[in-house]
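Okay, my_file_11.txt is below, compact mmCIF, C-alpha atoms:
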```txt
# COMPACT_ATOMS: atom_id res chain seq x y z
CA MET O 1 52.78 77.19 62.00
CA ASN O 2 53.76 74.38 64.34
CA LEU O 3 57.43 73.36 64.54
CA SER O 4 58.76 69.99 65.56
CA VAL O 5 61.00 69.66 68.59
CA GLU O 6 63.95 69.02 66.27
CA ALA O 7 63.19 72.17 64.27
CA ILE O 8 62.97 74.27 67.43
CA LYS O 9 66.32 72.90 68.59
CA GLU O 10 67.88 73.61 65.19
CA LYS O 11 66.53 77.18 65.19
CA SER O 12 67.86 77.71 68.71
CA ILE O 13 71.30 76.46 67.70
CA VAL O 14 71.34 78.77 64.64
CA ASN O 15 70.29 81.76 66.76
CA ARG O 16 72.96 80.96 69.32
CA TYR O 17 75.53 80.65 66.53
CA PHE O 18 74.67 84.10 65.18
CA GLN O 19 74.77 85.57 68.71
CA VAL O 20 78.27 84.18 69.18
CA VAL O 21 79.37 85.48 65.76
CA LEU O 22 77.95 88.93 66.51
CA ALA O 23 79.67 88.99 69.90
CA ILE O 24 83.00 88.05 68.29
CA LEU O 25 82.57 90.71 65.61
CA ALA O 26 81.62 93.29 68.22
CA LEU O 27 84.67 92.41 70.29
CA ALA O 28 86.92 92.60 67.24
CA TYR O 29 85.45 95.97 66.29
CA ALA O 30 85.76 97.30 69.81
CA GLY O 31 89.33 96.02 70.01
CA ALA O 32 90.20 97.81 66.78
CA ALA O 33 88.47 100.98 67.92
CA ASP O 34 90.20 100.86 71.33
CA ALA O 35 93.68 99.77 70.35
CA ALA O 36 95.13 102.16 72.96
CA LEU O 37 92.82 100.98 75.76
CA THR O 38 94.77 100.25 78.95
CA TYR O 39 93.61 98.84 82.27
CA SER O 40 95.02 98.90 85.77
CA ILE O 41 94.21 97.52 89.23
CA GLY O 42 96.35 97.96 92.33
CA ASP O 43 97.73 94.75 93.82
CA LYS O 44 98.67 95.78 97.40
CA CYS O 45 96.42 96.93 100.22
CA TYR O 46 97.22 97.28 103.93
CA LEU O 47 95.01 97.27 107.01
CA PRO O 48 93.91 99.40 108.70
CA GLY O 49 92.93 101.56 105.75
CA PRO O 50 91.91 105.22 105.63
CA TYR O 51 88.27 104.50 106.43
CA ALA O 52 88.19 101.56 108.85
CA SER O 53 90.29 98.84 110.43
CA ASN O 54 88.94 96.26 107.98
CA ARG O 55 88.87 98.40 104.84
CA CYS O 56 91.69 99.60 102.64
CA SER O 57 91.78 101.28 99.24
CA VAL O 58 93.42 100.57 95.90
CA ARG O 59 93.20 102.35 92.58
CA TRP O 60 91.60 100.83 89.50
CA GLY O 61 90.75 102.31 86.14
CA PHE O 62 91.06 102.39 82.38
CA SER O 63 91.89 104.87 79.64
CA GLY O 64 91.57 105.00 75.85
CA ASN O 65 88.04 103.56 75.82
CA SER O 66 87.16 105.51 72.68
CA SER O 67 84.05 103.43 71.90
CA ASN O 68 82.76 103.98 75.46
CA LYS O 69 82.01 100.31 76.03
CA ILE O 70 80.66 99.29 79.43
CA LEU O 71 83.50 98.19 81.70
CA CYS O 72 82.81 96.76 85.16
CA LEU O 73 85.01 95.88 88.14
CA TRP O 74 84.18 92.52 89.73
CA ASN O 75 85.37 90.83 92.93
CA GLY O 76 84.20 87.27 92.45
CA ASP O 77 80.50 87.50 91.65
CA ASN O 78 80.14 90.92 93.28
CA VAL O 79 80.07 93.88 90.88
CA SER O 80 81.68 96.99 92.38
CA ASP O 81 81.49 99.66 89.70
CA CYS O 82 80.51 100.02 86.04
CA GLN O 83 81.32 102.92 83.73
CA GLY O 84 81.15 103.70 80.02
CA TYR O 85 83.51 106.67 79.91
CA SER O 86 86.53 106.92 77.63
CA ASN O 87 88.75 107.50 80.68
CA TYR O 88 87.93 106.52 84.26
CA ALA O 89 89.57 105.77 87.61
CA ASN O 90 88.31 105.23 91.12
CA THR O 91 89.13 103.43 94.34
CA TYR O 92 88.08 99.95 95.33
CA ASP O 93 87.66 100.28 99.08
CA TYR O 94 85.40 97.69 100.61
CA GLY O 95 86.17 95.13 103.32
CA TYR O 96 88.99 92.75 102.60
CA SER O 97 90.88 89.78 103.92
CA GLY O 98 93.50 87.57 102.32
CA SER O 99 93.65 87.72 98.52
CA ASN O 100 90.98 88.94 96.14
CA ALA O 101 90.86 88.24 92.39
CA LEU O 102 89.64 91.48 90.84
CA GLU O 103 88.50 91.56 87.21
CA ILE O 104 87.59 94.20 84.64
CA ARG O 105 84.94 92.81 82.26
CA TRP O 106 83.30 94.27 79.18
CA HIS O 107 79.50 94.00 79.07
CA THR O 108 77.26 94.69 76.08
CA VAL O 109 74.51 95.91 78.45
CA TRP O 110 74.55 97.31 81.97
CA PRO O 111 74.59 94.36 84.40
CA THR O 112 71.20 95.24 85.91
CA ASN O 113 69.73 95.13 82.37
CA ASP O 114 71.17 91.69 81.67
CA PRO O 115 68.35 89.10 81.31
CA SER O 116 70.05 86.95 83.96
CA TRP O 117 70.05 89.65 86.65
CA PRO O 118 70.05 89.21 89.69
CA ASP O 119 72.05 86.02 89.06
CA THR O 120 75.36 87.87 89.35
CA HIS O 121 77.42 84.77 88.60
CA ALA O 122 75.74 84.41 85.22
CA VAL O 123 75.91 88.16 84.54
CA ARG O 124 79.62 88.20 85.34
CA LEU O 125 80.30 85.36 82.90
CA HIS O 126 78.33 87.19 80.20
CA GLY O 127 81.00 89.88 80.37
CA THR O 128 84.24 89.45 78.44
CA LEU O 129 87.30 89.36 80.72
CA MET O 130 89.62 92.22 79.72
CA TYR O 131 92.03 92.41 82.69
CA SER O 132 92.53 90.79 86.09
CA LYS O 133 94.78 91.28 89.10
CA THR O 134 95.10 89.51 92.45
CA LEU O 135 94.82 92.03 95.27
CA THR O 136 96.83 91.00 98.34
CA VAL O 137 95.74 92.39 101.70
CA ALA O 138 98.09 92.45 104.69
CA SER O 139 98.15 93.82 108.21
CA THR O 140 100.58 96.53 109.32
CA SER O 141 100.62 95.46 112.98
CA ILE O 142 104.00 94.92 114.64
CA SER O 143 104.58 92.51 117.52
CA ASN O 144 106.23 93.61 120.77
CA PRO O 145 108.08 90.65 122.31
CA GLY O 146 109.68 90.79 125.75
CA CYS O 147 113.39 91.41 126.33
CA SER O 148 115.87 88.58 125.85
CA VAL O 149 118.61 90.70 127.39
CA THR O 150 118.94 94.29 128.66
CA VAL O 151 122.10 96.33 128.01
CA ASP O 152 123.17 99.41 129.96
CA ASN O 153 126.78 99.93 128.85
CA GLN O 154 127.00 101.64 125.44
CA SER O 155 130.30 99.97 124.62
CA VAL O 156 128.82 96.46 124.57
CA ILE O 157 125.60 97.01 122.62
CA GLN O 158 127.05 95.76 119.32
CA GLN O 159 128.84 92.92 121.13
CA THR O 160 125.49 91.87 122.61
CA LEU O 161 123.82 92.00 119.20
CA ASP O 162 126.57 89.76 117.83
CA SER O 163 126.36 87.25 120.66
CA GLN O 164 122.57 86.92 120.75
CA PRO O 165 120.81 84.52 118.35
CA THR O 166 118.46 85.27 115.48
CA GLY O 167 115.12 86.39 116.86
CA ALA O 168 116.53 87.75 120.12
CA VAL O 169 115.16 91.00 121.61
CA ILE O 170 117.96 93.30 122.75
CA CYS O 171 116.74 96.03 125.09
CA ILE O 172 118.66 99.18 125.98
CA SER O 173 118.25 100.84 129.36
CA PRO O 174 117.30 104.55 129.62
CA GLY O 175 119.94 107.22 129.11
CA THR O 176 122.11 108.51 126.28
CA LYS O 177 124.34 105.99 124.51
CA VAL O 178 127.06 107.02 122.03
CA VAL O 179 127.18 104.40 119.27
CA SER O 180 128.03 104.01 115.61
CA SER O 181 126.50 101.76 112.94
CA LEU O 182 124.67 99.36 115.22
CA ASN O 183 123.89 96.28 113.12
CA PRO O 184 121.27 93.84 114.44
CA LYS O 185 121.30 90.26 113.21
CA ALA O 186 118.53 88.85 111.05
CA GLY O 187 115.28 88.63 112.95
CA GLN O 188 116.47 90.61 115.96
CA THR O 189 114.60 93.43 117.68
CA LEU O 190 116.44 96.45 119.12
CA LYS O 191 114.40 98.57 121.51
CA SER O 192 114.27 100.49 124.79
CA SER O 193 113.72 98.51 127.95
CA ASN O 194 111.20 101.16 129.00
CA PRO O 195 109.17 102.65 126.10
CA SER O 196 107.93 105.48 128.34
CA ASN O 197 111.56 106.48 129.04
CA LYS O 198 113.26 105.84 125.74
CA ALA O 199 116.97 105.23 125.43
CA ILE O 200 118.74 107.89 123.33
CA LEU O 201 121.24 106.71 120.70
CA THR O 202 123.62 109.31 119.30
CA ASN O 203 126.72 109.27 117.12
CA PRO O 204 130.27 110.15 118.25
CA GLY O 205 130.42 113.17 115.93
CA SER O 206 134.00 112.33 115.04
CA GLY O 207 133.70 112.32 111.25
CA SER O 208 131.47 112.45 108.19
CA GLY O 209 129.48 109.49 106.91
CA GLU O 210 128.46 108.18 110.30
CA ARG O 211 125.32 106.07 110.76
CA ILE O 212 123.74 105.45 114.15
CA ILE O 213 121.93 102.26 113.03
CA ALA O 214 122.70 100.55 109.72
CA SER O 215 121.72 97.05 108.62
CA SER O 216 121.12 94.92 105.54
CA ASN O 217 119.86 91.97 107.57
CA SER O 218 116.33 90.74 107.04
CA GLY O 219 113.47 90.75 109.49
CA ILE O 220 114.89 93.24 111.98
CA THR O 221 112.74 95.62 114.04
CA ILE O 222 113.89 98.94 115.51
CA ARG O 223 111.38 100.32 118.02
CA ASP O 224 110.77 102.57 121.03
CA LEU O 225 114.02 104.56 120.70
CA VAL O 226 115.31 108.10 120.24
CA VAL O 227 117.94 108.32 117.50
CA GLN O 228 119.48 111.78 117.82
CA GLY O 229 122.45 113.02 115.87
CA ASN O 230 125.38 114.89 117.31
CA THR O 231 124.67 118.43 116.14
CA THR O 232 128.39 119.31 115.89
CA VAL O 233 128.97 116.65 113.21
CA ARG O 234 125.63 115.22 112.16
CA PRO O 235 125.51 111.59 111.04
CA GLU O 236 124.85 110.90 107.37
CA TYR O 237 121.91 108.72 108.46
CA GLY O 238 120.06 108.27 111.69
CA ILE O 239 118.90 104.86 110.42
CA LEU O 240 119.87 103.19 107.13
CA LEU O 241 118.21 99.91 106.16
CA TYR O 242 118.79 98.01 102.93
CA GLY O 243 117.38 94.52 103.41
CA THR O 244 114.02 92.75 103.46
CA SER O 245 111.14 92.90 105.94
CA GLN O 246 112.63 95.61 108.16
CA LYS O 247 110.53 97.75 110.50
CA VAL O 248 110.90 101.03 112.39
CA HIS O 249 108.21 101.58 115.03
CA ASN O 250 107.80 104.39 117.57
CA VAL O 251 111.25 105.83 116.90
CA ASP O 252 112.06 109.56 117.06
CA VAL O 253 114.90 110.57 114.73
CA ALA O 254 116.41 114.05 114.93
CA TYR O 255 119.41 116.01 113.63
CA SER O 256 120.69 113.64 110.95
CA LEU O 257 121.52 114.65 107.40
CA ILE O 258 119.04 111.96 106.30
CA GLY O 259 116.70 110.80 109.03
CA ILE O 260 115.78 107.34 107.75
CA GLY O 261 117.11 105.77 104.54
CA LEU O 262 115.61 102.72 102.81
CA ASN O 263 117.88 101.72 99.94
CA GLY O 264 117.10 98.45 98.17
CA ALA O 265 114.64 97.63 100.94
CA VAL O 266 111.72 95.28 100.31
CA ASN O 267 108.61 94.99 102.50
CA ALA O 268 109.79 97.75 104.84
CA GLN O 269 107.66 99.74 107.27
CA ILE O 270 108.08 102.98 109.22
CA ASP O 271 105.18 103.74 111.54
CA ASN O 272 104.19 105.85 114.54
CA SER O 273 107.56 107.57 114.36
CA SER O 274 108.92 111.07 113.80
CA VAL O 275 111.78 112.67 111.88
CA SER O 276 112.70 116.24 112.75
CA TYR O 277 115.27 118.71 111.48
CA ALA O 278 116.95 116.54 108.88
CA GLY O 279 119.75 117.98 106.76
CA ASP O 280 122.11 120.84 107.47
CA GLY O 281 119.68 123.76 107.21
CA VAL O 282 121.23 124.98 103.96
CA ALA O 283 119.17 125.46 100.79
CA CYS O 284 121.13 125.07 97.55
CA SER O 285 120.84 123.33 94.19
CA GLY O 286 121.57 119.61 94.43
CA CYS O 287 122.17 119.53 98.18
CA ALA O 288 118.68 118.88 99.57
CA GLN O 289 118.61 116.15 102.20
CA PRO O 290 115.35 114.32 102.90
CA SER O 291 113.80 113.33 106.19
CA ILE O 292 112.97 109.90 104.72
CA TRP O 293 114.74 108.63 101.59
CA VAL O 294 113.36 105.58 99.73
CA ASN O 295 115.40 104.32 96.77
CA ASN O 296 115.27 101.25 94.50
CA SER O 297 112.91 99.55 96.92
CA GLY O 298 109.51 97.87 96.90
CA ASP O 299 106.43 97.52 99.13
CA VAL O 300 107.41 100.33 101.50
CA ARG O 301 104.94 101.72 104.06
CA ILE O 302 105.22 105.02 105.94
CA LEU O 303 102.33 105.23 108.39
CA SER O 304 101.25 107.72 111.07
CA THR O 305 104.64 109.40 111.03
CA SER O 306 105.43 113.06 111.67
CA ILE O 307 107.96 114.98 109.58
CA LEU O 308 109.06 118.42 110.79
CA ASN O 309 111.79 120.61 109.33
CA ASN O 310 113.00 124.19 109.57
CA GLY O 311 111.44 125.44 106.32
CA VAL O 312 114.67 126.81 104.81
CA GLY O 313 114.18 126.65 101.04
CA PRO O 314 113.50 126.27 98.18
CA GLU O 315 115.89 123.38 97.42
CA GLY O 316 116.17 122.77 101.15
CA ASP O 317 115.84 119.75 103.42
CA GLY O 318 113.09 117.69 104.94
CA GLU O 319 110.88 116.03 102.31
CA ILE O 320 109.84 112.41 101.98
CA ALA O 321 111.67 111.43 98.80
CA CYS O 322 111.05 108.30 96.74
CA TYR O 323 113.05 107.13 93.72
CA ASN O 324 112.46 104.13 91.44
CA THR O 325 110.27 102.22 93.90
CA ASN O 326 107.09 100.24 93.35
CA ASN O 327 104.17 100.18 95.81
CA LEU O 328 105.00 103.00 98.21
CA LEU O 329 102.29 103.77 100.78
CA ILE O 330 102.34 107.02 102.79
CA GLN O 331 99.27 107.13 105.00
CA GLY O 332 98.02 109.17 107.95
CA SER O 333 101.21 111.22 108.26
CA MET O 334 102.08 114.89 108.72
CA ILE O 335 104.80 116.60 106.67
CA SER O 336 105.43 120.18 107.80
CA TYR O 337 107.84 122.97 106.86
CA SER O 338 109.89 120.97 104.38
CA GLY O 339 112.58 123.09 102.76
CA ALA O 340 111.77 121.37 99.47
CA SER O 341 108.54 119.67 98.42
CA GLY O 342 106.54 117.81 101.04
CA VAL O 343 106.42 114.50 99.13
CA PHE O 344 108.75 113.97 96.16
CA LEU O 345 108.06 110.99 93.89
CA VAL O 346 110.38 110.10 91.01
CA ALA O 347 109.50 106.96 89.01
CA CYS O 348 107.60 105.46 91.96
CA ASP O 349 104.80 103.54 90.27
CA ASN O 350 101.65 102.42 92.11
CA ALA O 351 102.28 104.86 94.96
CA GLN O 352 99.42 105.42 97.40
CA ILE O 353 99.48 108.77 99.20
CA ILE O 354 96.48 108.59 101.52
CA GLY O 355 95.10 110.74 104.32
CA ASN O 356 98.16 112.92 104.92
CA GLN O 357 98.57 116.56 105.93
CA VAL O 358 101.25 118.43 103.98
CA ASP O 359 101.75 122.05 104.95
CA HIS O 360 104.19 124.95 104.50
CA SER O 361 106.40 123.21 101.92
CA LYS O 362 108.98 125.51 100.37
CA GLU O 363 108.36 124.03 96.92
CA TRP O 364 105.34 121.90 95.89
CA GLY O 365 103.17 120.10 98.39
CA LEU O 366 103.22 116.95 96.23
CA ASP O 367 105.93 116.72 93.55
CA ILE O 368 105.30 113.83 91.12
CA VAL O 369 107.85 113.83 88.29
CA ASN O 370 110.19 111.72 86.18
CA LEU O 371 113.54 113.64 86.18
CA SER O 372 115.95 111.43 84.18
CA TYR O 373 113.60 108.41 84.08
CA PRO O 374 111.53 107.71 80.91
CA THR O 375 108.27 108.04 82.85
CA GLY O 376 107.27 109.41 86.20
CA SER O 377 105.19 107.85 88.96
CA ASP O 378 102.43 106.09 87.03
CA TYR O 379 99.19 104.64 88.43
CA GLY O 380 99.36 106.75 91.60
CA LEU O 381 96.51 107.11 94.08
CA PHE O 382 96.28 110.44 95.94
CA LEU O 383 93.37 110.16 98.34
CA GLU O 384 92.01 112.28 101.22
CA ASN O 385 95.12 114.49 101.56
CA THR O 386 95.16 118.11 102.72
CA VAL O 387 97.86 120.25 101.10
CA SER O 388 98.17 123.81 102.38
CA TYR O 389 100.44 126.87 102.37
CA SER O 390 102.96 125.52 99.84
CA ARG O 391 105.29 127.99 98.13
CA ASN O 392 104.18 126.59 94.74
CA GLY O 393 100.94 124.90 93.76
CA GLY O 394 99.51 122.12 95.85
CA ALA O 395 100.85 119.48 93.46
CA VAL O 396 102.74 119.13 90.20
CA LEU O 397 102.17 116.06 88.01
CA LYS O 398 104.77 115.76 85.26
CA ASP O 399 105.07 112.92 82.75
CA SER O 400 103.22 110.66 85.18
CA GLN O 401 100.29 108.73 83.74
CA ALA O 402 97.02 107.32 85.07
CA ALA O 403 97.04 109.23 88.36
CA LEU O 404 93.87 109.35 90.45
CA PHE O 405 93.27 112.31 92.78
CA LYS O 406 90.22 111.84 95.01
CA ASN O 407 88.77 113.80 97.96
CA ASN O 408 91.87 115.98 98.41
CA SER O 409 91.81 119.54 99.75
CA TYR O 410 94.15 122.29 98.51
CA LEU O 411 94.17 125.31 100.79
CA SER O 412 96.02 128.59 100.25
CA ASN O 413 98.90 127.26 98.18
CA ARG O 414 101.04 129.32 95.74
CA GLN O 415 102.29 131.43 98.64
CA GLY O 416 105.49 132.41 96.84
CA PRO O 417 107.61 134.35 96.45
CA SER O 418 107.86 133.55 92.72
CA ALA O 419 105.30 130.77 93.06
CA SER O 420 105.40 128.10 90.38
CA GLY O 421 102.18 126.66 89.03
CA SER O 422 99.05 128.05 87.42
CA CYS O 423 96.55 126.84 90.03
CA ASN O 424 96.16 126.09 93.70
CA GLY O 425 95.66 122.35 93.15
CA VAL O 426 97.23 119.88 90.68
CA ASN O 427 99.42 121.43 87.96
CA ARG O 428 99.74 119.04 84.99
CA ARG O 429 102.84 119.09 82.79
CA GLY O 430 103.99 116.84 79.95
CA ASN O 431 102.30 113.46 79.46
CA THR O 432 99.63 112.96 82.12
CA ALA O 433 97.37 110.64 80.08
CA GLY O 434 94.77 108.86 82.16
CA PHE O 435 94.64 111.60 84.83
CA TYR O 436 91.37 111.54 86.73
CA ALA O 437 90.08 113.61 89.66
CA ILE O 438 87.00 113.03 91.84
CA ASN O 439 85.63 115.43 94.47
CA ASP O 440 88.82 117.42 95.01
CA TYR O 441 88.33 120.78 96.75
CA SER O 442 90.36 123.93 96.36
CA SER O 443 90.37 127.32 98.08
CA PRO O 444 91.09 129.52 96.21
CA SER O 445 89.56 127.72 93.24
CA GLY O 446 91.53 125.68 90.75
CA THR O 447 91.69 121.99 91.67
CA ALA O 448 93.54 121.01 88.47
CA CYS O 449 95.05 122.80 85.49
CA SER O 450 97.37 122.36 82.53
CA ASP O 451 100.45 124.30 83.52
```
Can the structure from this file be put into C-alpha cells for me?
Amino acid sequence: MNLSVEAIKEKSIVNRYFQVVLAILALAYAGAADAALTYSIGDKCYLPGPYASNRCSVRWGFSGNSSNKILCLWNGDNVSDCQGYSNYANTYDYGYSGSNALEIRWHTVWPTNDPSWPDTHAVRLHGTLMYSKTLTVASTSISNPGCSVTVDNQSVIQQTLDSQPTGAVICISPGTKVVSSLNPKAGQTLKSSNPSNKAILTNPGSGSGERIIASSNSGITIRDLVVQGNTTVRPEYGILLYGTSQKVHNVDVAYSLIGIGLNGAVNAQIDNSSVSYAGDGVACSGCAQPSIWVNNSGDVRILSTSILNNGVGPEGDGEIACYNTNNLLIQGSMISYSGASGVFLVACDNAQIIGNQVDHSKEWGLDIVNLSYPTGSDYGLFLENTVSYSRNGGAVLKDSQAALFKNNSYLSNRQGPSASGSCNGVNRRGNTAGFYAINDYSSPSGTACSD
C-alpha cells in the first residue's frame, strides 16, 4: 500500500503523540513508585584535590529508586555515570575549573543504547531532568605579600595593627612576644618577618579566658607564626576567628585549651599548620577540649594540618570537632592520639573527609552523630582515609543519612579496653538511610556493620 506524503506526516504525528503520552504515563508511574526518591550533588570543590592539582571530588547519589530506573549524572553534554540501583552514591572527580552545572537525568534506555548515540547532546535531552546543582570550584592557594611594617617590641604590636590600614602586612621579628587577644583589622596579614625563624606569640598566663589572637574582622590572614600557650595558665584559645574569609597558614599552635576556634566563620581555611597538646590533659565527661573547634560556620577547609595530642581518654582532648556547619572539608591531614574521637561531626552536612590519617584515637576514629540535633551529618563524603588503632571501631555513623564511604582503610581498630562497636570499620546506628560504601578495606575484616 502506498501512502501519500500527507498520510505519512499524519501517521508520524500520531506516533509521536503516543510516544509522548507513554513517556508521561511512565514518568507518572515512576514518580508514584518512587515517591521517596531523593537526589543529591555536592556544590563545593577545592583545588588541589586528593588525586591531582586540577581534580577535586564531590559526592553525588540517589536513594529510594524502588523501580530501579536508569539515572545518569551529566556535566553539560558529558555523561559521567549511569546506574539503575535502588540506592547509589559515588564521587564525581574529573578535571574542573570555574562552575559546572551537574544534572541527574532519568533515561528509559542506557545512553549508549539510545538511537541518537553518540550524539550526547541529543541523548542528554532525551533524559528527563530530575535534579541539578551548580558545582563551584575554587583554589585553596594563599598569597604571601611583603611586609608593610616590621614590629619587634611586643607592647606595640596591637598599636601597629590599629594604626596600619586595611590590607597592610604586619610582620613580627623573631623571638618570644607576650601578647593577648591580638586583633588584626579587616584585610590585614599578621606574620613572622622570617618564616624560617618564626616569631613565638604567647599569652601572659595571668587569668582564665585568654586568647592569643582573636578577631571577627573579615579577610584577615594569620601565617608563619608559633602560637604557644603559657603552660602555667593556658589560654582558652590559641586563635579564635569568627568572621568571613579568614585564613591560618603555616602556624604551629601548642598548649591552648582549644588550639584554633572557628565560631560563626564563613569561607575560612586552616592549612599547612599544626595543633599539639590542646586541652588540660584531663579526661572527664563534658570537659573534652578540641584541637580545632568549628561551630555554626560554613565553607570551612582544614588542609594538610597535623593534630597531635597526649592520648589521655576516653572523653579527653584533641579531636577536630564540628558542630552545625555546612561544607566542611578536612583533607590530607593527620590526627594522632586524640583523647576523644579523631574527627567528631555533629550536624555538619555535606562534610568531605578526604585523604586523612587518623590513628590511636581514644574513642572512635570518625564519630558522625546527631546528639541533640534532629539529624546528624547528612550527605557526607569519606574518601581515601586510613583509620587505625582506635579504642572503638574505626567509625560510628548515627542518624546520619546518605553517607558515602569510598576507598578507606580500617586497620586494627577496637583496641579497647571496653571497645564500642561491632566491627573494625563503620558501625551504623539509628537512621543511616542512603548509606553506601565502595572499595573500603578492613583488617581484621568488617568494613561496615549494623551496631
Around all the atoms of region 208-214 of chain O listed in the file, draw an axis-aligned box and extend it by 4 Å on each of the six sides; I want its centre and edge lengths in Å to one decimal, as AutoDock Vina command-line options.
```
--center_x 126.7 --center_y 106.5 --center_z 110.5 --size_x 17.5 --size_y 19.9 --size_z 15.2
```
**OP:** To one decimal in Å, tell me the separation between CA of Thr432 (chain O) and CA of Ala36 (chain O).
**Re:** 14.9 Å
Subject >> Contacts of region 80-97 of chain O within 7 Å, all atoms listed in the file, excl. fewer than 6 positions in-chain, as a count of residues only >> reply: 24
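Interatomic distance, CA of Tyr277 (chain O) against CA of Asn203 (chain O): 15.9 Å.
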Original post:
CA of Ser276 (chain O) to CA of Gln159 (chain O): how many Å, to one decimal?
Top reply: 29.6 Å
Subject >> Within 8 Å of file point (112.9, 103.7, 109.7), counting all atoms listed in the file, expressed as an MDAnalysis selection string >> reply: chainID O and resid 222 239:241 247:249 251 260:262 269:271 292
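The residue that comes closest to Gln158 (chain O), out of O:Ile213, O:Ala122, O:Ala101, O:Ile302 and on the basis of only C-alpha atoms, is O:Ile213.
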Subject >> Shell around region 126-128 of chain O at 8 Å using all atoms listed in the file, local window under 6 positions removed, as a count of residues only >> reply: 4
Original post:
Which polymer residues have any atom within 12 Å of an atom of Ile157 (chain O), counting only C-alpha atoms, with same-chain residues fewer than 5 positions away left out, as a ChimeraX atom specification?
Top reply: /O:149-152,162-164,170-173,177-184,190-191,201,213
Export C-alpha atoms of the chosen residues as a PDB file, in the frame of the given file?
```pdb
ATOM      1  CA  VAL O 149     118.610  90.700 127.390  1.00  0.00           C
ATOM      2  CA  THR O 150     118.940  94.290 128.660  1.00  0.00           C
ATOM      3  CA  VAL O 151     122.100  96.330 128.010  1.00  0.00           C
ATOM      4  CA  ASP O 152     123.170  99.410 129.960  1.00  0.00           C
ATOM      5  CA  ASP O 162     126.570  89.760 117.830  1.00  0.00           C
ATOM      6  CA  SER O 163     126.360  87.250 120.660  1.00  0.00           C
ATOM      7  CA  GLN O 164     122.570  86.920 120.750  1.00  0.00           C
ATOM      8  CA  ILE O 170     117.960  93.300 122.750  1.00  0.00           C
ATOM      9  CA  CYS O 171     116.740  96.030 125.090  1.00  0.00           C
ATOM     10  CA  ILE O 172     118.660  99.180 125.980  1.00  0.00           C
ATOM     11  CA  SER O 173     118.250 100.840 129.360  1.00  0.00           C
ATOM     12  CA  LYS O 177     124.340 105.990 124.510  1.00  0.00           C
ATOM     13  CA  VAL O 178     127.060 107.020 122.030  1.00  0.00           C
ATOM     14  CA  VAL O 179     127.180 104.400 119.270  1.00  0.00           C
ATOM     15  CA  SER O 180     128.030 104.010 115.610  1.00  0.00           C
ATOM     16  CA  SER O 181     126.500 101.760 112.940  1.00  0.00           C
ATOM     17  CA  LEU O 182     124.670  99.360 115.220  1.00  0.00           C
ATOM     18  CA  ASN O 183     123.890  96.280 113.120  1.00  0.00           C
ATOM     19  CA  PRO O 184     121.270  93.840 114.440  1.00  0.00           C
ATOM     20  CA  LEU O 190     116.440  96.450 119.120  1.00  0.00           C
ATOM     21  CA  LYS O 191     114.400  98.570 121.510  1.00  0.00           C
ATOM     22  CA  LEU O 201     121.240 106.710 120.700  1.00  0.00           C
ATOM     23  CA  ILE O 213     121.930 102.260 113.030  1.00  0.00           C
TER      24      ILE O 213
END
```
Original post:
Got a sec to check which residues sit within 7 Å of (107.1, 98.3, 120.8), counting all atoms listed in the file, and write them as a list of chain:residue names?
Top reply: O:Asn144, O:Arg223, O:Asp224, O:His249, O:Asn250
Write a file of the just-selected residues containing C-alpha atoms, as a PDB file, in the coordinates of the input.
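Printed below is result_8.pdb as written:
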```pdb
ATOM      1  CA  ASN O 144     106.230  93.610 120.770  1.00  0.00           C
ATOM      2  CA  ARG O 223     111.380 100.320 118.020  1.00  0.00           C
ATOM      3  CA  ASP O 224     110.770 102.570 121.030  1.00  0.00           C
ATOM      4  CA  HIS O 249     108.210 101.580 115.030  1.00  0.00           C
ATOM      5  CA  ASN O 250     107.800 104.390 117.570  1.00  0.00           C
TER       6      ASN O 250
END
```
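Closest approach to Ile307 (chain O) among O:Leu381, O:Val253, O:Val233, O:Ala288: O:Val253, based on only C-alpha atoms.
Using all atoms listed in the file, the smallest distance between any of O:Leu37, O:Ala395, O:Leu257, O:Leu161 and Glu363 (chain O) comes from O:Ala395.
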Original post:
Phe382 (chain O): which residues within 12 Å, counting only C-alpha atoms, same-chain residues fewer than 6 positions away excluded, as a VMD selection string?
Top reply: chain O and resid 50 57 to 59 89 to 91 328 to 331 343 345 350 to 357 366 to 368 395 397 402 to 409 426 435 to 440
Keeping C-alpha atoms, export the residues of the selection given above as a short mmCIF file (atom, residue, chain, number, x, y, z; two decimals), keeping the file's coordinate frame.
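The result, stored in out20.cif:
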```
data_model
loop_
_atom_site.label_atom_id
_atom_site.label_comp_id
_atom_site.auth_asym_id
_atom_site.auth_seq_id
_atom_site.Cartn_x
_atom_site.Cartn_y
_atom_site.Cartn_z
CA PRO O 50 91.91 105.22 105.63
CA SER O 57 91.78 101.28 99.24
CA VAL O 58 93.42 100.57 95.90
CA ARG O 59 93.20 102.35 92.58
CA ALA O 89 89.57 105.77 87.61
CA ASN O 90 88.31 105.23 91.12
CA THR O 91 89.13 103.43 94.34
CA LEU O 328 105.00 103.00 98.21
CA LEU O 329 102.29 103.77 100.78
CA ILE O 330 102.34 107.02 102.79
CA GLN O 331 99.27 107.13 105.00
CA VAL O 343 106.42 114.50 99.13
CA LEU O 345 108.06 110.99 93.89
CA ASN O 350 101.65 102.42 92.11
CA ALA O 351 102.28 104.86 94.96
CA GLN O 352 99.42 105.42 97.40
CA ILE O 353 99.48 108.77 99.20
CA ILE O 354 96.48 108.59 101.52
CA GLY O 355 95.10 110.74 104.32
CA ASN O 356 98.16 112.92 104.92
CA GLN O 357 98.57 116.56 105.93
CA LEU O 366 103.22 116.95 96.23
CA ASP O 367 105.93 116.72 93.55
CA ILE O 368 105.30 113.83 91.12
CA ALA O 395 100.85 119.48 93.46
CA LEU O 397 102.17 116.06 88.01
CA ALA O 402 97.02 107.32 85.07
CA ALA O 403 97.04 109.23 88.36
CA LEU O 404 93.87 109.35 90.45
CA PHE O 405 93.27 112.31 92.78
CA LYS O 406 90.22 111.84 95.01
CA ASN O 407 88.77 113.80 97.96
CA ASN O 408 91.87 115.98 98.41
CA SER O 409 91.81 119.54 99.75
CA VAL O 426 97.23 119.88 90.68
CA PHE O 435 94.64 111.60 84.83
CA TYR O 436 91.37 111.54 86.73
CA ALA O 437 90.08 113.61 89.66
CA ILE O 438 87.00 113.03 91.84
CA ASN O 439 85.63 115.43 94.47
CA ASP O 440 88.82 117.42 95.01
#
```
Subject >> Who sits within 10 Å of Gly243 (chain O), all atoms listed in the file, same chain under 2 positions skipped, as number ranges by chain >> reply: O: 186, 215-220, 240-241, 245-246, 262-268, 297
